[in-house]
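Text of the file model-v3.cif, holding mmCIF, N, CA, C and O atoms:
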data_my_file
loop_
_atom_site.group_PDB
_atom_site.id
_atom_site.type_symbol
_atom_site.label_atom_id
_atom_site.label_comp_id
_atom_site.auth_asym_id
_atom_site.auth_seq_id
_atom_site.Cartn_x
_atom_site.Cartn_y
_atom_site.Cartn_z
ATOM 1 N N MET A 454 12.767 -35.149 20.267
ATOM 2 C CA MET A 454 11.544 -35.203 19.497
ATOM 3 C C MET A 454 10.432 -34.405 20.202
ATOM 4 O O MET A 454 9.666 -33.711 19.539
ATOM 5 N N THR A 455 10.387 -34.513 21.503
ATOM 6 C CA THR A 455 9.376 -33.785 22.271
ATOM 7 C C THR A 455 9.563 -32.281 22.140
ATOM 8 O O THR A 455 8.592 -31.538 22.016
ATOM 9 N N ALA A 456 10.813 -31.848 22.150
ATOM 10 C CA ALA A 456 11.103 -30.414 22.035
ATOM 11 C C ALA A 456 10.657 -29.883 20.669
ATOM 12 O O ALA A 456 10.079 -28.787 20.590
ATOM 13 N N VAL A 457 10.905 -30.646 19.609
ATOM 14 C CA VAL A 457 10.495 -30.221 18.265
ATOM 15 C C VAL A 457 8.966 -30.152 18.192
ATOM 16 O O VAL A 457 8.402 -29.196 17.651
ATOM 17 N N ALA A 458 8.296 -31.145 18.742
ATOM 18 C CA ALA A 458 6.829 -31.153 18.741
ATOM 19 C C ALA A 458 6.286 -29.965 19.532
ATOM 20 O O ALA A 458 5.321 -29.312 19.099
ATOM 21 N N ASP A 459 6.902 -29.670 20.661
ATOM 22 C CA ASP A 459 6.465 -28.540 21.487
ATOM 23 C C ASP A 459 6.668 -27.209 20.755
ATOM 24 O O ASP A 459 5.776 -26.356 20.753
ATOM 25 N N LEU A 460 7.824 -27.034 20.124
ATOM 26 C CA LEU A 460 8.086 -25.804 19.366
ATOM 27 C C LEU A 460 7.125 -25.661 18.189
ATOM 28 O O LEU A 460 6.638 -24.559 17.905
ATOM 29 N N THR A 461 6.847 -26.749 17.505
ATOM 30 C CA THR A 461 5.911 -26.719 16.374
ATOM 31 C C THR A 461 4.521 -26.321 16.835
ATOM 32 O O THR A 461 3.853 -25.490 16.203
ATOM 33 N N PHE A 462 4.078 -26.887 17.942
ATOM 34 C CA PHE A 462 2.760 -26.556 18.482
ATOM 35 C C PHE A 462 2.695 -25.080 18.878
ATOM 36 O O PHE A 462 1.729 -24.385 18.558
ATOM 37 N N LYS A 463 3.727 -24.589 19.549
ATOM 38 C CA LYS A 463 3.755 -23.186 19.961
ATOM 39 C C LYS A 463 3.782 -22.253 18.753
ATOM 40 O O LYS A 463 3.122 -21.207 18.749
ATOM 41 N N PHE A 464 4.530 -22.629 17.699
ATOM 42 C CA PHE A 464 4.570 -21.821 16.485
ATOM 43 C C PHE A 464 3.187 -21.760 15.838
ATOM 44 O O PHE A 464 2.724 -20.682 15.448
ATOM 45 N N ALA A 465 2.525 -22.899 15.738
ATOM 46 C CA ALA A 465 1.193 -22.942 15.132
ATOM 47 C C ALA A 465 0.193 -22.130 15.951
ATOM 48 O O ALA A 465 -0.661 -21.426 15.385
ATOM 49 N N GLU A 466 0.288 -22.205 17.261
ATOM 50 C CA GLU A 466 -0.577 -21.425 18.145
ATOM 51 C C GLU A 466 -0.371 -19.932 17.934
ATOM 52 O O GLU A 466 -1.330 -19.170 17.797
ATOM 53 N N GLN A 467 0.885 -19.507 17.881
ATOM 54 C CA GLN A 467 1.202 -18.092 17.691
ATOM 55 C C GLN A 467 0.764 -17.623 16.313
ATOM 56 O O GLN A 467 0.224 -16.524 16.167
ATOM 57 N N LEU A 468 0.970 -18.448 15.301
ATOM 58 C CA LEU A 468 0.555 -18.096 13.942
ATOM 59 C C LEU A 468 -0.959 -17.908 13.885
ATOM 60 O O LEU A 468 -1.447 -16.937 13.310
ATOM 61 N N GLY A 469 -1.703 -18.806 14.488
ATOM 62 C CA GLY A 469 -3.159 -18.685 14.520
ATOM 63 C C GLY A 469 -3.599 -17.408 15.215
ATOM 64 O O GLY A 469 -4.511 -16.714 14.750
ATOM 65 N N HIS A 470 -2.952 -17.088 16.317
ATOM 66 C CA HIS A 470 -3.272 -15.866 17.055
ATOM 67 C C HIS A 470 -2.964 -14.627 16.208
ATOM 68 O O HIS A 470 -3.779 -13.699 16.133
ATOM 69 N N ASP A 471 -1.804 -14.617 15.547
ATOM 70 C CA ASP A 471 -1.437 -13.490 14.683
ATOM 71 C C ASP A 471 -2.437 -13.319 13.546
ATOM 72 O O ASP A 471 -2.859 -12.193 13.245
ATOM 73 N N LEU A 472 -2.832 -14.418 12.915
ATOM 74 C CA LEU A 472 -3.793 -14.346 11.812
ATOM 75 C C LEU A 472 -5.125 -13.778 12.285
ATOM 76 O O LEU A 472 -5.753 -12.972 11.598
ATOM 77 N N GLU A 473 -5.550 -14.196 13.461
ATOM 78 C CA GLU A 473 -6.794 -13.681 14.023
ATOM 79 C C GLU A 473 -6.695 -12.176 14.257
ATOM 80 O O GLU A 473 -7.616 -11.422 13.934
ATOM 81 N N LEU A 474 -5.570 -11.727 14.792
ATOM 82 C CA LEU A 474 -5.378 -10.291 15.037
ATOM 83 C C LEU A 474 -5.340 -9.495 13.741
ATOM 84 O O LEU A 474 -5.902 -8.389 13.677
ATOM 85 N N PHE A 475 -4.698 -10.033 12.697
ATOM 86 C CA PHE A 475 -4.663 -9.337 11.406
ATOM 87 C C PHE A 475 -6.075 -9.155 10.863
ATOM 88 O O PHE A 475 -6.421 -8.081 10.361
ATOM 89 N N ALA A 476 -6.891 -10.191 10.939
ATOM 90 C CA ALA A 476 -8.273 -10.108 10.442
ATOM 91 C C ALA A 476 -9.077 -9.107 11.266
ATOM 92 O O ALA A 476 -9.823 -8.294 10.716
ATOM 93 N N GLN A 477 -8.929 -9.145 12.570
ATOM 94 C CA GLN A 477 -9.656 -8.204 13.437
ATOM 95 C C GLN A 477 -9.221 -6.765 13.153
ATOM 96 O O GLN A 477 -10.060 -5.859 13.134
ATOM 97 N N HIS A 478 -7.943 -6.562 12.931
ATOM 98 C CA HIS A 478 -7.434 -5.219 12.643
ATOM 99 C C HIS A 478 -8.050 -4.662 11.351
ATOM 100 O O HIS A 478 -8.267 -3.456 11.236
ATOM 101 N N ALA A 479 -8.334 -5.553 10.417
ATOM 102 C CA ALA A 479 -8.951 -5.149 9.147
ATOM 103 C C ALA A 479 -10.480 -5.146 9.244
ATOM 104 O O ALA A 479 -11.157 -5.043 8.223
ATOM 105 N N ASN A 480 -10.998 -5.246 10.466
ATOM 106 C CA ASN A 480 -12.446 -5.263 10.709
ATOM 107 C C ASN A 480 -13.151 -6.394 9.962
ATOM 108 O O ASN A 480 -14.220 -6.212 9.401
ATOM 109 N N ARG A 481 -12.513 -7.553 9.954
ATOM 110 C CA ARG A 481 -13.105 -8.737 9.343
ATOM 111 C C ARG A 481 -13.257 -9.811 10.392
ATOM 112 O O ARG A 481 -12.536 -9.832 11.373
ATOM 113 N N LYS A 482 -14.197 -10.723 10.154
ATOM 114 C CA LYS A 482 -14.382 -11.852 11.057
ATOM 115 C C LYS A 482 -13.766 -13.121 10.487
ATOM 116 O O LYS A 482 -13.868 -14.179 11.087
ATOM 117 N N SER A 483 -13.145 -13.005 9.336
ATOM 118 C CA SER A 483 -12.538 -14.183 8.730
ATOM 119 C C SER A 483 -11.112 -13.873 8.280
ATOM 120 O O SER A 483 -10.771 -12.743 7.943
ATOM 121 N N ILE A 484 -10.300 -14.907 8.303
ATOM 122 C CA ILE A 484 -8.905 -14.812 7.886
ATOM 123 C C ILE A 484 -8.867 -15.112 6.393
ATOM 124 O O ILE A 484 -9.505 -16.042 5.924
ATOM 125 N N ASN A 485 -8.110 -14.314 5.641
ATOM 126 C CA ASN A 485 -7.976 -14.605 4.215
ATOM 127 C C ASN A 485 -6.502 -14.752 3.841
ATOM 128 O O ASN A 485 -5.612 -14.612 4.681
ATOM 129 N N ILE A 486 -6.260 -15.010 2.588
ATOM 130 C CA ILE A 486 -4.902 -15.276 2.112
ATOM 131 C C ILE A 486 -3.973 -14.084 2.353
ATOM 132 O O ILE A 486 -2.779 -14.265 2.613
ATOM 133 N N ASP A 487 -4.510 -12.882 2.328
ATOM 134 C CA ASP A 487 -3.672 -11.703 2.571
ATOM 135 C C ASP A 487 -3.101 -11.715 3.986
ATOM 136 O O ASP A 487 -1.954 -11.312 4.199
ATOM 137 N N ASP A 488 -3.888 -12.187 4.951
ATOM 138 C CA ASP A 488 -3.400 -12.293 6.325
ATOM 139 C C ASP A 488 -2.252 -13.298 6.419
ATOM 140 O O ASP A 488 -1.269 -13.076 7.121
ATOM 141 N N VAL A 489 -2.380 -14.401 5.703
ATOM 142 C CA VAL A 489 -1.339 -15.430 5.711
ATOM 143 C C VAL A 489 -0.058 -14.881 5.076
ATOM 144 O O VAL A 489 1.039 -15.109 5.584
ATOM 145 N N ILE A 490 -0.208 -14.122 4.000
ATOM 146 C CA ILE A 490 0.964 -13.525 3.342
ATOM 147 C C ILE A 490 1.650 -12.535 4.278
ATOM 148 O O ILE A 490 2.883 -12.504 4.378
ATOM 149 N N ILE A 491 0.862 -11.744 4.995
ATOM 150 C CA ILE A 491 1.443 -10.802 5.953
ATOM 151 C C ILE A 491 2.199 -11.551 7.044
ATOM 152 O O ILE A 491 3.291 -11.154 7.452
ATOM 153 N N ALA A 492 1.626 -12.654 7.519
ATOM 154 C CA ALA A 492 2.282 -13.435 8.566
ATOM 155 C C ALA A 492 3.603 -14.033 8.076
ATOM 156 O O ALA A 492 4.509 -14.265 8.874
ATOM 157 N N ALA A 493 3.718 -14.263 6.779
ATOM 158 C CA ALA A 493 4.928 -14.870 6.210
ATOM 159 C C ALA A 493 5.940 -13.836 5.728
ATOM 160 O O ALA A 493 6.930 -14.198 5.095
ATOM 161 N N HIS A 494 5.724 -12.570 6.046
ATOM 162 C CA HIS A 494 6.573 -11.509 5.490
ATOM 163 C C HIS A 494 8.049 -11.631 5.856
ATOM 164 O O HIS A 494 8.911 -11.121 5.141
ATOM 165 N N ARG A 495 8.384 -12.313 6.914
ATOM 166 C CA ARG A 495 9.797 -12.431 7.320
ATOM 167 C C ARG A 495 10.562 -13.425 6.454
ATOM 168 O O ARG A 495 11.787 -13.435 6.458
ATOM 169 N N ASN A 496 9.839 -14.299 5.762
ATOM 170 C CA ASN A 496 10.470 -15.276 4.888
ATOM 171 C C ASN A 496 10.075 -14.932 3.454
ATOM 172 O O ASN A 496 8.987 -15.277 3.002
ATOM 173 N N ASP A 497 10.959 -14.252 2.747
ATOM 174 C CA ASP A 497 10.651 -13.758 1.402
ATOM 175 C C ASP A 497 10.255 -14.871 0.446
ATOM 176 O O ASP A 497 9.358 -14.691 -0.382
ATOM 177 N N ASP A 498 10.919 -16.019 0.534
ATOM 178 C CA ASP A 498 10.626 -17.123 -0.376
ATOM 179 C C ASP A 498 9.204 -17.646 -0.160
ATOM 180 O O ASP A 498 8.450 -17.828 -1.117
ATOM 181 N N VAL A 499 8.829 -17.847 1.081
ATOM 182 C CA VAL A 499 7.477 -18.325 1.392
ATOM 183 C C VAL A 499 6.439 -17.279 0.997
ATOM 184 O O VAL A 499 5.417 -17.606 0.389
ATOM 185 N N ALA A 500 6.697 -16.027 1.318
ATOM 186 C CA ALA A 500 5.751 -14.957 0.991
ATOM 187 C C ALA A 500 5.548 -14.849 -0.520
ATOM 188 O O ALA A 500 4.418 -14.705 -0.990
ATOM 189 N N SER A 501 6.620 -14.948 -1.298
ATOM 190 C CA SER A 501 6.478 -14.844 -2.752
ATOM 191 C C SER A 501 5.712 -16.036 -3.314
ATOM 192 O O SER A 501 4.897 -15.881 -4.236
ATOM 193 N N LYS A 502 5.926 -17.211 -2.768
ATOM 194 C CA LYS A 502 5.172 -18.389 -3.228
ATOM 195 C C LYS A 502 3.699 -18.273 -2.851
ATOM 196 O O LYS A 502 2.821 -18.665 -3.630
ATOM 197 N N LEU A 503 3.414 -17.733 -1.684
ATOM 198 C CA LEU A 503 2.020 -17.526 -1.283
ATOM 199 C C LEU A 503 1.339 -16.490 -2.178
ATOM 200 O O LEU A 503 0.172 -16.651 -2.554
ATOM 201 N N ARG A 504 2.067 -15.425 -2.532
ATOM 202 C CA ARG A 504 1.502 -14.411 -3.443
ATOM 203 C C ARG A 504 1.188 -15.029 -4.808
ATOM 204 O O ARG A 504 0.137 -14.766 -5.391
ATOM 205 N N ALA A 505 2.104 -15.855 -5.309
ATOM 206 C CA ALA A 505 1.883 -16.512 -6.600
ATOM 207 C C ALA A 505 0.678 -17.452 -6.520
ATOM 208 O O ALA A 505 -0.152 -17.482 -7.440
ATOM 209 N N LEU A 506 0.566 -18.193 -5.445
ATOM 210 C CA LEU A 506 -0.580 -19.080 -5.258
ATOM 211 C C LEU A 506 -1.875 -18.285 -5.182
ATOM 212 O O LEU A 506 -2.888 -18.668 -5.787
ATOM 213 N N SER A 507 -1.845 -17.172 -4.486
ATOM 214 C CA SER A 507 -3.029 -16.327 -4.369
ATOM 215 C C SER A 507 -3.472 -15.815 -5.740
ATOM 216 O O SER A 507 -4.659 -15.849 -6.074
ATOM 217 N N ARG A 508 -2.507 -15.347 -6.544
ATOM 218 C CA ARG A 508 -2.840 -14.875 -7.896
ATOM 219 C C ARG A 508 -3.420 -16.002 -8.746
ATOM 220 O O ARG A 508 -4.395 -15.814 -9.472
ATOM 221 N N LYS A 509 -2.823 -17.186 -8.632
ATOM 222 C CA LYS A 509 -3.288 -18.338 -9.413
ATOM 223 C C LYS A 509 -4.712 -18.720 -8.998
ATOM 224 O O LYS A 509 -5.564 -18.970 -9.855
ATOM 225 N N LEU A 510 -4.974 -18.765 -7.698
ATOM 226 C CA LEU A 510 -6.312 -19.116 -7.217
ATOM 227 C C LEU A 510 -7.342 -18.079 -7.639
ATOM 228 O O LEU A 510 -8.459 -18.431 -8.034
ATOM 229 N N THR A 511 -6.975 -16.815 -7.557
ATOM 230 C CA THR A 511 -7.893 -15.750 -7.946
ATOM 231 C C THR A 511 -8.191 -15.828 -9.438
ATOM 232 O O THR A 511 -9.344 -15.728 -9.857
ATOM 233 N N LYS A 512 -7.159 -16.052 -10.243
ATOM 234 C CA LYS A 512 -7.344 -16.160 -11.692
ATOM 235 C C LYS A 512 -8.219 -17.358 -12.037
ATOM 236 O O LYS A 512 -9.142 -17.247 -12.857
ATOM 237 N N THR A 513 -7.967 -18.497 -11.427
ATOM 238 C CA THR A 513 -8.760 -19.700 -11.679
ATOM 239 C C THR A 513 -10.211 -19.488 -11.284
ATOM 240 O O THR A 513 -11.128 -19.846 -12.028
ATOM 241 N N ASN A 514 -10.407 -18.886 -10.136
ATOM 242 C CA ASN A 514 -11.771 -18.650 -9.662
ATOM 243 C C ASN A 514 -12.500 -17.650 -10.558
ATOM 244 O O ASN A 514 -13.681 -17.815 -10.848
ATOM 245 N N ASP A 515 -11.796 -16.618 -11.005
ATOM 246 C CA ASP A 515 -12.389 -15.635 -11.912
ATOM 247 C C ASP A 515 -12.824 -16.308 -13.215
ATOM 248 O O ASP A 515 -13.895 -16.019 -13.744
ATOM 249 N N GLN A 516 -11.991 -17.190 -13.707
ATOM 250 C CA GLN A 516 -12.321 -17.883 -14.951
ATOM 251 C C GLN A 516 -13.533 -18.793 -14.754
ATOM 252 O O GLN A 516 -14.391 -18.887 -15.623
ATOM 253 N N GLN A 517 -13.611 -19.462 -13.609
ATOM 254 C CA GLN A 517 -14.722 -20.369 -13.342
ATOM 255 C C GLN A 517 -16.025 -19.598 -13.176
ATOM 256 O O GLN A 517 -17.071 -20.047 -13.615
ATOM 257 N N GLN A 518 -15.968 -18.460 -12.549
ATOM 258 C CA GLN A 518 -17.170 -17.682 -12.298
ATOM 259 C C GLN A 518 -17.504 -16.752 -13.460
ATOM 260 O O GLN A 518 -18.606 -16.229 -13.538
ATOM 261 N N GLY A 519 -16.541 -16.521 -14.327
ATOM 262 C CA GLY A 519 -16.765 -15.666 -15.476
ATOM 263 C C GLY A 519 -16.850 -14.194 -15.139
ATOM 264 O O GLY A 519 -17.364 -13.389 -15.894
ATOM 265 N N ARG A 520 -16.354 -13.808 -13.974
ATOM 266 C CA ARG A 520 -16.368 -12.410 -13.576
ATOM 267 C C ARG A 520 -15.213 -12.146 -12.621
ATOM 268 O O ARG A 520 -14.640 -13.054 -12.066
ATOM 269 N N LYS A 521 -14.877 -10.894 -12.461
ATOM 270 C CA LYS A 521 -13.808 -10.502 -11.550
ATOM 271 C C LYS A 521 -14.283 -10.616 -10.113
ATOM 272 O O LYS A 521 -15.423 -10.335 -9.795
ATOM 273 N N ARG A 522 -13.393 -10.998 -9.237
ATOM 274 C CA ARG A 522 -13.703 -11.063 -7.813
ATOM 275 C C ARG A 522 -13.226 -9.792 -7.143
ATOM 276 O O ARG A 522 -12.206 -9.226 -7.519
ATOM 277 N N LYS A 523 -13.951 -9.376 -6.126
ATOM 278 C CA LYS A 523 -13.565 -8.170 -5.397
ATOM 279 C C LYS A 523 -12.482 -8.456 -4.367
ATOM 280 O O LYS A 523 -11.595 -7.665 -4.139
ATOM 281 N N LYS A 524 -12.568 -9.611 -3.699
ATOM 282 C CA LYS A 524 -11.618 -9.936 -2.638
ATOM 283 C C LYS A 524 -11.206 -11.392 -2.753
ATOM 284 O O LYS A 524 -11.881 -12.193 -3.374
ATOM 285 N N ALA A 525 -10.094 -11.749 -2.105
ATOM 286 C CA ALA A 525 -9.645 -13.139 -2.071
ATOM 287 C C ALA A 525 -10.623 -13.970 -1.258
ATOM 288 O O ALA A 525 -11.319 -13.473 -0.379
ATOM 289 N N ALA A 526 -10.664 -15.269 -1.527
ATOM 290 C CA ALA A 526 -11.579 -16.178 -0.829
ATOM 291 C C ALA A 526 -11.211 -16.275 0.642
ATOM 292 O O ALA A 526 -10.052 -16.232 1.018
ATOM 293 N N ASN A 527 -12.208 -16.422 1.489
ATOM 294 C CA ASN A 527 -11.965 -16.601 2.917
ATOM 295 C C ASN A 527 -11.476 -18.007 3.152
ATOM 296 O O ASN A 527 -11.993 -18.961 2.584
ATOM 297 N N ILE A 528 -10.494 -18.127 4.002
ATOM 298 C CA ILE A 528 -9.922 -19.426 4.297
ATOM 299 C C ILE A 528 -10.467 -19.979 5.598
ATOM 300 O O ILE A 528 -10.904 -21.116 5.665
ATOM 301 N N VAL A 529 -10.470 -19.180 6.622
ATOM 302 C CA VAL A 529 -10.868 -19.636 7.945
ATOM 303 C C VAL A 529 -11.740 -18.574 8.582
ATOM 304 O O VAL A 529 -11.455 -17.392 8.475
ATOM 305 N N THR A 530 -12.776 -18.981 9.265
ATOM 306 C CA THR A 530 -13.615 -18.037 9.996
ATOM 307 C C THR A 530 -13.068 -17.915 11.411
ATOM 308 O O THR A 530 -12.794 -18.916 12.065
ATOM 309 N N VAL A 531 -12.918 -16.704 11.875
ATOM 310 C CA VAL A 531 -12.405 -16.444 13.212
ATOM 311 C C VAL A 531 -13.552 -16.607 14.189
ATOM 312 O O VAL A 531 -14.576 -15.958 14.058
ATOM 313 N N GLY A 532 -13.379 -17.475 15.167
ATOM 314 C CA GLY A 532 -14.433 -17.704 16.165
ATOM 315 C C GLY A 532 -14.330 -16.766 17.332
ATOM 316 O O GLY A 532 -13.251 -16.477 17.815
ATOM 317 N N GLN A 533 -15.469 -16.266 17.756
ATOM 318 C CA GLN A 533 -15.472 -15.408 18.948
ATOM 319 C C GLN A 533 -16.662 -15.722 19.787
ATOM 320 O O GLN A 533 -17.673 -16.101 19.416
#

Starting from the file, give its structure as structure tokens.
Amino acid sequence: MTAVADLTFKFAEQLGHDLELFAQHANRKSINIDDVIIAAHRNDDVASKLRALSRKLTKTNDQQQGRKRKKAANIVTVGQ
């Protein structure tokens, strides 16, 4: 059980670091859904579900605001 918890923690740490680097590479200070999709690129099933969720969220938000959005909503702000 300890080994699984340790691996999970290390995976989450690495994922957070990767997401931060993706946002910085795009000259942004915040992580968005596109960064998460890029991080999931090795798992096609997860990536496709994230893309579908992103489209659904964007469509819902567009309908609520009554206008097109330029970019996906920010999920997490990168601290520095």

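DSSP annotation of chain A from backbone atoms: strand (DSSP E) residues are A:Ser483, A:Ile484, A:Asn485, A:Asn527, A:Ile528, A:Val529, A:Thr530.
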
If we count only C-alpha atoms, what is near stretch 465-479 of chain A at a cut-off of 8 Å, once residues fewer than 6 positions away on the same chain are taken out, given as a PyMOL selection string? chain A and resi 485+488-489+492+531

Coordinates-based distance that separates atom CA of A:Ile486 from atom CA of A:Ser501 (Å, one decimal):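 So the two atoms, atom CA of A:Ser501 and atom CA of A:Ile486, lie 12.4 Å apart.
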
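The spacing separating atom CA of A:Thr511 from atom CA of A:Arg495 amounts to 23.6 Å.
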
State, in Å with one decimal place, the distance from atom CA of A:Thr513 to atom CA of A:Lys482.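 So the two atoms, atom CA of A:Thr513 and atom CA of A:Lys482, lie 24.7 Å apart.
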
Padding 5 Å on every side, please: axis-aligned box over the listed atoms of stretch 495-512 of chain A, centre and edge lengths to one decimal in Å, as AutoDock Vina command-line options.
--center_x 1.2 --center_y -15.7 --center_z -2.8 --size_x 31.1 --size_y 16.8 --size_z 30.2

Running DSSP on the backbone, which parts of stretch 461-508 of chain A land in helix (DSSP H, G or I), as a PyMOL selection string? chain A and resi 461-478+486-492+497-508

Enumerate, as a PDB file with N, CA, C and O atoms, in the coordinates of the input, the residues matched when the PyMOL selection byres (((chain A and resi 503 and name CA) around 10) and name CA) is run on the file above.
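Result written to expr.pdb:
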ATOM      1  N   ILE A 486      -6.260 -15.010   2.588  1.00  0.00           N
ATOM      2  CA  ILE A 486      -4.902 -15.276   2.112  1.00  0.00           C
ATOM      3  C   ILE A 486      -3.973 -14.084   2.353  1.00  0.00           C
ATOM      4  O   ILE A 486      -2.779 -14.265   2.613  1.00  0.00           O
ATOM      5  N   ASP A 487      -4.510 -12.882   2.328  1.00  0.00           N
ATOM      6  CA  ASP A 487      -3.672 -11.703   2.571  1.00  0.00           C
ATOM      7  C   ASP A 487      -3.101 -11.715   3.986  1.00  0.00           C
ATOM      8  O   ASP A 487      -1.954 -11.312   4.199  1.00  0.00           O
ATOM      9  N   VAL A 489      -2.380 -14.401   5.703  1.00  0.00           N
ATOM     10  CA  VAL A 489      -1.339 -15.430   5.711  1.00  0.00           C
ATOM     11  C   VAL A 489      -0.058 -14.881   5.076  1.00  0.00           C
ATOM     12  O   VAL A 489       1.039 -15.109   5.584  1.00  0.00           O
ATOM     13  N   ILE A 490      -0.208 -14.122   4.000  1.00  0.00           N
ATOM     14  CA  ILE A 490       0.964 -13.525   3.342  1.00  0.00           C
ATOM     15  C   ILE A 490       1.650 -12.535   4.278  1.00  0.00           C
ATOM     16  O   ILE A 490       2.883 -12.504   4.378  1.00  0.00           O
ATOM     17  N   ILE A 491       0.862 -11.744   4.995  1.00  0.00           N
ATOM     18  CA  ILE A 491       1.443 -10.802   5.953  1.00  0.00           C
ATOM     19  C   ILE A 491       2.199 -11.551   7.044  1.00  0.00           C
ATOM     20  O   ILE A 491       3.291 -11.154   7.452  1.00  0.00           O
ATOM     21  N   ALA A 493       3.718 -14.263   6.779  1.00  0.00           N
ATOM     22  CA  ALA A 493       4.928 -14.870   6.210  1.00  0.00           C
ATOM     23  C   ALA A 493       5.940 -13.836   5.728  1.00  0.00           C
ATOM     24  O   ALA A 493       6.930 -14.198   5.095  1.00  0.00           O
ATOM     25  N   ASP A 497      10.959 -14.252   2.747  1.00  0.00           N
ATOM     26  CA  ASP A 497      10.651 -13.758   1.402  1.00  0.00           C
ATOM     27  C   ASP A 497      10.255 -14.871   0.446  1.00  0.00           C
ATOM     28  O   ASP A 497       9.358 -14.691  -0.382  1.00  0.00           O
ATOM     29  N   ASP A 498      10.919 -16.019   0.534  1.00  0.00           N
ATOM     30  CA  ASP A 498      10.626 -17.123  -0.376  1.00  0.00           C
ATOM     31  C   ASP A 498       9.204 -17.646  -0.160  1.00  0.00           C
ATOM     32  O   ASP A 498       8.450 -17.828  -1.117  1.00  0.00           O
ATOM     33  N   VAL A 499       8.829 -17.847   1.081  1.00  0.00           N
ATOM     34  CA  VAL A 499       7.477 -18.325   1.392  1.00  0.00           C
ATOM     35  C   VAL A 499       6.439 -17.279   0.997  1.00  0.00           C
ATOM     36  O   VAL A 499       5.417 -17.606   0.389  1.00  0.00           O
ATOM     37  N   ALA A 500       6.697 -16.027   1.318  1.00  0.00           N
ATOM     38  CA  ALA A 500       5.751 -14.957   0.991  1.00  0.00           C
ATOM     39  C   ALA A 500       5.548 -14.849  -0.520  1.00  0.00           C
ATOM     40  O   ALA A 500       4.418 -14.705  -0.990  1.00  0.00           O
ATOM     41  N   SER A 501       6.620 -14.948  -1.298  1.00  0.00           N
ATOM     42  CA  SER A 501       6.478 -14.844  -2.752  1.00  0.00           C
ATOM     43  C   SER A 501       5.712 -16.036  -3.314  1.00  0.00           C
ATOM     44  O   SER A 501       4.897 -15.881  -4.236  1.00  0.00           O
ATOM     45  N   LYS A 502       5.926 -17.211  -2.768  1.00  0.00           N
ATOM     46  CA  LYS A 502       5.172 -18.389  -3.228  1.00  0.00           C
ATOM     47  C   LYS A 502       3.699 -18.273  -2.851  1.00  0.00           C
ATOM     48  O   LYS A 502       2.821 -18.665  -3.630  1.00  0.00           O
ATOM     49  N   ARG A 504       2.067 -15.425  -2.532  1.00  0.00           N
ATOM     50  CA  ARG A 504       1.502 -14.411  -3.443  1.00  0.00           C
ATOM     51  C   ARG A 504       1.188 -15.029  -4.808  1.00  0.00           C
ATOM     52  O   ARG A 504       0.137 -14.766  -5.391  1.00  0.00           O
ATOM     53  N   ALA A 505       2.104 -15.855  -5.309  1.00  0.00           N
ATOM     54  CA  ALA A 505       1.883 -16.512  -6.600  1.00  0.00           C
ATOM     55  C   ALA A 505       0.678 -17.452  -6.520  1.00  0.00           C
ATOM     56  O   ALA A 505      -0.152 -17.482  -7.440  1.00  0.00           O
ATOM     57  N   LEU A 506       0.566 -18.193  -5.445  1.00  0.00           N
ATOM     58  CA  LEU A 506      -0.580 -19.080  -5.258  1.00  0.00           C
ATOM     59  C   LEU A 506      -1.875 -18.285  -5.182  1.00  0.00           C
ATOM     60  O   LEU A 506      -2.888 -18.668  -5.787  1.00  0.00           O
ATOM     61  N   SER A 507      -1.845 -17.172  -4.486  1.00  0.00           N
ATOM     62  CA  SER A 507      -3.029 -16.327  -4.369  1.00  0.00           C
ATOM     63  C   SER A 507      -3.472 -15.815  -5.740  1.00  0.00           C
ATOM     64  O   SER A 507      -4.659 -15.849  -6.074  1.00  0.00           O
ATOM     65  N   ARG A 508      -2.507 -15.347  -6.544  1.00  0.00           N
ATOM     66  CA  ARG A 508      -2.840 -14.875  -7.896  1.00  0.00           C
ATOM     67  C   ARG A 508      -3.420 -16.002  -8.746  1.00  0.00           C
ATOM     68  O   ARG A 508      -4.395 -15.814  -9.472  1.00  0.00           O
ATOM     69  N   LYS A 509      -2.823 -17.186  -8.632  1.00  0.00           N
ATOM     70  CA  LYS A 509      -3.288 -18.338  -9.413  1.00  0.00           C
ATOM     71  C   LYS A 509      -4.712 -18.720  -8.998  1.00  0.00           C
ATOM     72  O   LYS A 509      -5.564 -18.970  -9.855  1.00  0.00           O
TER      73      LYS A 509
END
